[in-house]
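Below is one structure, written out as C-alpha cells, with a few remarks after it.
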Amino acid sequence: MRRHSLENTTYSPMASAPSLRVGLFPLPGEHWLAHYGSALSTWLEHVRGHRIAVADSVFGARRSGTEWKAPAVREETFDDMRTRIAMLDAVYAPVDWNAHPAAGVRWPELQWFADAQVHEHVEDAAAAPDIRIPHELSRMHHWMSLALDATYHRELRNQIIDLLAHNPPGYGLQWAFPMGVGMRCFCMLTALDWMRERGTNDAELEALVAASAVDHARFLMNTAEWSGGMRTSHYIGCLFGLLAAGVYVDSPESVQWLRKGLNGLDNELDEQFGRDGMNFEASTGYHKHVIDFYVQATTLINKAHSMQPHVVPECSAEWLQRVHAGVQALHTLERIGMPLIGDNDDGMAVKLCGYQSQPVFVPDATEFRRAEVGSRENSQAARGTAHHEARDTAHHETRDTADHETRDTAFAEFGLDVYEREHYTLTARCGGVGQWGKGGHAHNDRNAIALRIRNTWLIVDSGCMTYTGNPLRRNHDRSTAAHATLTVEGREQLAWPFNSREGLFWMMPDTTRSHVLHREGDRWEGQHSGFGKPHTRVLELSAKSVQGIDTYERVSGEVVTLRFPLGPAITFANDTFFDSGIPIATLGLQGAERVWTEPSEYAPAYGTSIANYTLCIAVQGLRVEWTIVVLD
C-alpha cells in the first residue's frame, strides 16, 4: 500500500466509478420516528451548525493555518484532493475532522496512516490528547442522521466531500483505525441510500461515494484488524464495512468483499459470543457494541437477499439463533440499567441521535419482533443436532413469591449473574478477563457487585473514562479498588504491564482461578485467588435485603478493605444511604474495624467523569458480614 501511494494517487477515479445498488437498508419506521423524532431534530440542527459533540469535545470548523503540503505525497493525490475540494459549496466551512478539541490538539491529515497514531501535531494543548475521540468521529454516524431529512441533504453532501477531500485514502487519522474505516464505509453508503430514498438524487456525489467505497473496501482487504490470531470488535467492524461495500457496490471486484465480509462474520459468531449469548471481551459495553454490528448486518443481509437473492445469500438458521441469543442478553442488561462491567467506550455500529450510547437501532420495532420470532423458529430447527443442542444460551429463571415475581439470569460463561427483585436489582460478577486471556477490555472486578434500588444505582461500577489519553486514570478505572469488592492494599487481583502504551490493553496471564461456586435460588457464591489466597463472597438475597459474607485469610501486615463505589447522588451517614438527602437503605456490619467514605470519581460514559463517594470498610479478621436493607 505504501509503495503504491508513492507511485500514484491513492484515490480511485470518479470517472470510472461503479454503480451503486439502492434501497438496501430500510429507513426508520413510524414507531422509531415517533419515539426519537424530537431528539433527532435537535441533533440535526447541531450537526448543521458544525457543533458535533463527541464525548468531551465539540467538533467545528478548521482553524486557520492548518493547511500544508507533505513532500511524501504524490502530486496526483493533491490534484485529486483539489478536484474534490472544488466540489464544495463556496459558503461551506470545512470541519476539523482530525482534532481533539477539548485538548487543543490535532493530527495532520497527510501522514501515512500507520504513523498517524503516534506523531501528533500539537497546537497549544490544554489537556492530554485522547486519540479515541477523533477515532469515534471517524465513523461518521451522523451522516445517516442527515440523510433522514431532505432539509439537511446539502449539508450531508458537503460533509462527505469535505471528509474525503481533506483525508485522502491511506493518509491521516481518519484512516488510522481500520474498524473506523469499516464503520464509515457502511454509514456513507447507507446515508447515500437513504438520501435517495428521501428524494434527493445527486449523480456527482454518487460517483464520489462509489469511488470512495472502492477505496474503503480495498483498504480493509489489506488492513482488517487480525493480529496474532486476536479478533475483537475491531475485526468485526472491518468485516462489517466489507459487507456493506460488497452489497452496495455493483462490480466484479465487490464479490470478493462480500464473500470476505459474510464468511468472516459468520465464522466469528463462534468466536465472539459464548454459549450464554454474551460477548467474549468481558465487557457489557462491548457486548452491546458487537451485537449491534450483527443486528445491522442481519438487517442489511435480509433486505439485500430479498432484492438480490442471486448475489446475497440469506442468513442461516444458526446465524439467526446466535444473534437472537445476543440480543436477548442485551435486553436483560438494558432492562436493569446497563451495568458497566469492564470497559465501555459507547461504541456502536449505528447512532442516529448523537454520539452517546443509545438503544440499538432497528428500522421498525414490530418488524424486529417478527424477526425474533422467526429467529426462534429457525433456531429450533437448527438445534436438531448435538452440536446445536450443546449451545445453551443464558439460563433464565422466573419465580413467583407470595407478593411479587423474581427473575434470575445467569450468564455463566461470561461470569455475570443478575437478580431482579421487586425492590432492587443486583449483579454479581466473577469471571475471566476475556479475549482468550489477553484482557484488553476487562477490569479487576471479581466478586464485585452493583446494586440498583428501584431506578437509582446505589452501588456502581467504575466505568471507563479514557484509554490512552490518561494512563493513570485508565489504570485506576480497571483497578480492584474501583470496584465493589474486597481489596488488599498494594495488590491487584491481576496486574498489567506498564512498559508500553499497548500495556493499557493487556492483563497479565489470568491465574485468579475465578469461578462461581453456587448460583441457585437466593444464594450466590463466588471465589477467586487473585491475591494468592482465595477471596470468597457469599450473597444471600431476600425481598428487601442483600446480605454479604466476605472471607479472606489475610497475611500478617496486609491491609484489607471492602469498597463500595456509590452512585453520584448517594451519600452515607449513620449507617444509612441517602439519595439526594432521602434515606433509601441501611447498612449493618459484623467484623468490621471502621467505616468511612472517601471522594472518588466514576465514568458513566466514555470521556465523562462524575464525582461520587466510595464507602470503605476496614476488615478486622478473616470474615466480615454486611447487610443492605432497602427502606420503604
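So you can find residues: chains in the C-alpha cells are A, B, ... in the order shown, residues in each start at 1, and ligands are numbered from 1 in order.
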**Request:** Do a neighbour search on Lys351 in chain A at 10 Å with only C-alpha atoms, toss out local chain neighbours closer than 2 positions, and write the hits as a count of residues only.
**Result:** 20
**Request:** Extract the full set of helix (DSSP H, G or I) residues from range 262-474 of chain A according to DSSP on the backbone, and format it as a ChimeraX atom specification.
**Result:** /A:262-272,284-307,317-335,365-382,386-389,435-437,471-474
**Request:** Write out as an NGL selection string the residues lying within 6 Å of range 299-303 of chain A, counting only C-alpha atoms and excluding same-chain residues fewer than 2 positions away.
**Result:** :A and (24-25 or 296-297 or 305-306)
**Item:** All residues 10 Å or closer to Val629 in chain A, only C-alpha atoms, same chain fewer than 6 positions away omitted, as a PyMOL selection string
**Value:** chain A and resi 542-547+576-577+584-588
Mind writing the picked residues with N, CA and C atoms as a tab-separated table (two decimals), in the first residue's frame?
chain	number	residue	atom	x	y	z
A	542	SER	N	-32.99	-11.59	49.99
A	542	SER	CA	-34.37	-11.68	50.43
A	542	SER	C	-35.15	-10.59	49.74
A	543	ALA	N	-36.41	-10.42	50.10
A	543	ALA	CA	-37.28	-9.49	49.39
A	543	ALA	C	-36.75	-8.06	49.44
A	544	LYS	N	-36.19	-7.65	50.59
A	544	LYS	CA	-35.75	-6.27	50.75
A	544	LYS	C	-34.32	-6.13	51.22
A	545	SER	N	-33.55	-7.20	51.20
A	545	SER	CA	-32.18	-7.10	51.71
A	545	SER	C	-31.21	-7.96	50.94
A	546	VAL	N	-29.95	-7.54	50.99
A	546	VAL	CA	-28.83	-8.31	50.45
A	546	VAL	C	-27.82	-8.47	51.58
A	547	GLN	N	-27.53	-9.72	51.92
A	547	GLN	CA	-26.51	-9.98	52.94
A	547	GLN	C	-25.26	-10.53	52.25
A	576	THR	N	-26.71	4.78	57.08
A	576	THR	CA	-27.83	4.95	56.16
A	576	THR	C	-27.33	5.53	54.83
A	577	PHE	N	-27.89	5.00	53.76
A	577	PHE	CA	-27.63	5.52	52.42
A	577	PHE	C	-28.72	6.51	52.06
A	584	ILE	N	-32.72	5.70	51.63
A	584	ILE	CA	-33.26	4.63	50.78
A	584	ILE	C	-32.81	3.24	51.24
A	585	ALA	N	-31.76	3.15	52.08
A	585	ALA	CA	-31.29	1.84	52.53
A	585	ALA	C	-30.42	2.03	53.77
A	586	THR	N	-30.27	0.94	54.51
A	586	THR	CA	-29.39	0.95	55.68
A	586	THR	C	-28.33	-0.13	55.53
A	587	LEU	N	-27.24	0.03	56.31
A	587	LEU	CA	-26.13	-0.91	56.28
A	587	LEU	C	-25.89	-1.46	57.68
A	588	GLY	N	-25.86	-2.79	57.79
A	588	GLY	CA	-25.48	-3.45	59.02
A	588	GLY	C	-24.17	-4.19	58.84
**Message:** Report as number ranges by chain all protein, DNA and RNA residues lying within 9 Å of Ser479 in chain A, evaluated on only C-alpha atoms, omitting residues in the same chain fewer than 4 positions from it.
**Reply:** A: 443-445, 462, 474-475, 483, 492-495
**Request:** Report the distance between CA of Ile570 in chain A and CA of Tyr602 in chain A in Å, rounded to one decimal place.
**Result:**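 CA of Tyr602 in chain A lies at a distance of 12.9 Å from CA of Ile570 in chain A.
Checking A:Gly170, A:Leu504, A:Leu352, A:His289 one by one against Ala39 in chain A, counting only C-alpha atoms, you find the shortest gap at A:Leu352.
Distances here use only C-alpha atoms; by that measure, the residue among A:Asp89, A:Glu314, A:Glu197, A:Glu601 closest to Val460 in chain A is A:Glu601.
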**Message:** Could you list, as an NGL selection string, every residue within 12 Å of Ile610 in chain A, counting only C-alpha atoms and ignoring same-chain residues fewer than 4 positions away?
**Reply:** :A and (460 or 462-465 or 565-569 or 599-606)
Kindly save the residues from that selection, with N, CA and C atoms included, as a CSV table (one decimal), in the first residue's frame.
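Writing the result to result_0.csv gives the following:
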chain,number,residue,atom,x,y,z
A,460,VAL,N,-22.2,1.3,42.2
A,460,VAL,CA,-21.9,1.3,40.8
A,460,VAL,C,-20.5,0.7,40.5
A,462,SER,N,-17.0,1.2,38.0
A,462,SER,CA,-16.2,2.4,37.8
A,462,SER,C,-16.4,2.9,36.4
A,463,GLY,N,-16.8,2.1,35.4
A,463,GLY,CA,-16.9,2.6,34.0
A,463,GLY,C,-15.6,2.7,33.4
A,464,CYS,N,-15.5,3.6,32.4
A,464,CYS,CA,-14.2,3.7,31.6
A,464,CYS,C,-14.1,5.1,31.1
A,465,MET,N,-13.3,5.9,31.7
A,465,MET,CA,-13.2,7.3,31.4
A,465,MET,C,-12.4,7.6,30.1
A,565,PRO,N,-18.2,1.6,45.6
A,565,PRO,CA,-18.4,2.9,44.9
A,565,PRO,C,-19.9,3.2,44.9
A,566,LEU,N,-20.2,4.4,45.2
A,566,LEU,CA,-21.7,4.8,45.3
A,566,LEU,C,-22.1,5.6,44.1
A,567,GLY,N,-23.4,5.6,43.8
A,567,GLY,CA,-23.9,6.4,42.7
A,567,GLY,C,-23.7,7.9,43.0
A,568,PRO,N,-23.7,8.7,42.0
A,568,PRO,CA,-23.3,10.1,42.1
A,568,PRO,C,-24.2,10.9,43.1
A,569,ALA,N,-25.5,10.5,43.3
A,569,ALA,CA,-26.4,11.2,44.2
A,569,ALA,C,-26.4,10.6,45.6
A,599,PRO,N,-13.8,10.7,48.8
A,599,PRO,CA,-14.2,11.2,47.4
A,599,PRO,C,-13.6,10.3,46.3
A,600,SER,N,-14.3,10.1,45.3
A,600,SER,CA,-13.8,9.3,44.1
A,600,SER,C,-14.5,9.8,42.9
A,601,GLU,N,-14.3,9.2,41.8
A,601,GLU,CA,-14.9,9.6,40.5
A,601,GLU,C,-15.2,8.3,39.7
A,602,TYR,N,-16.3,8.3,39.0
A,602,TYR,CA,-16.5,7.2,38.1
A,602,TYR,C,-17.0,7.7,36.7
A,603,ALA,N,-17.1,6.9,35.7
A,603,ALA,CA,-17.4,7.3,34.4
A,603,ALA,C,-18.6,6.6,33.9
A,604,PRO,N,-19.8,7.3,33.9
A,604,PRO,CA,-21.0,6.6,33.4
A,604,PRO,C,-20.9,6.5,31.9
A,605,ALA,N,-20.1,7.3,31.2
A,605,ALA,CA,-19.9,7.2,29.8
A,605,ALA,C,-18.4,7.6,29.5
A,606,TYR,N,-18.0,7.1,28.3
A,606,TYR,CA,-16.6,7.4,27.9
A,606,TYR,C,-16.4,8.9,27.8
**Prompt:** What lies within 9 Å of Leu110 in chain A using only C-alpha atoms, ignoring chain neighbours under 6 positions off, as a PyMOL selection string?
**Reply:** chain A and resi 68-70+72-73+116+166-168+170-173
**Prompt:** Could you state the separation of CA of Val312 in chain A and CA of Ala203 in chain A in Å, given to one decimal place?
**Reply:** 25.5 Å
**Distance in Å - CA of Ser138 in chain A versus CA of Gly182 in chain A** = 10.0 Å
**Item:** Given only C-alpha atoms as the counted atoms, nearest of A:Gly261, A:Pro313, A:Gly337, A:Pro178 to His234 in chain A
**Value:** A:Pro178
**Asked** Closest to Gln272 in chain A among A:Gly285, A:Pro129, A:Gly434, A:Pro28, using only C-alpha atoms?
**Response** A:Gly434
**Request:** Please report, as number ranges by chain, each residue of range 529-629 of chain A to which DSSP assigns strand (DSSP E) when run on this structure's backbone.
**Result:** A: 529-531, 533-541, 545-552, 560-565, 570-573, 576-579, 582-590, 592-605, 608-619, 623-629
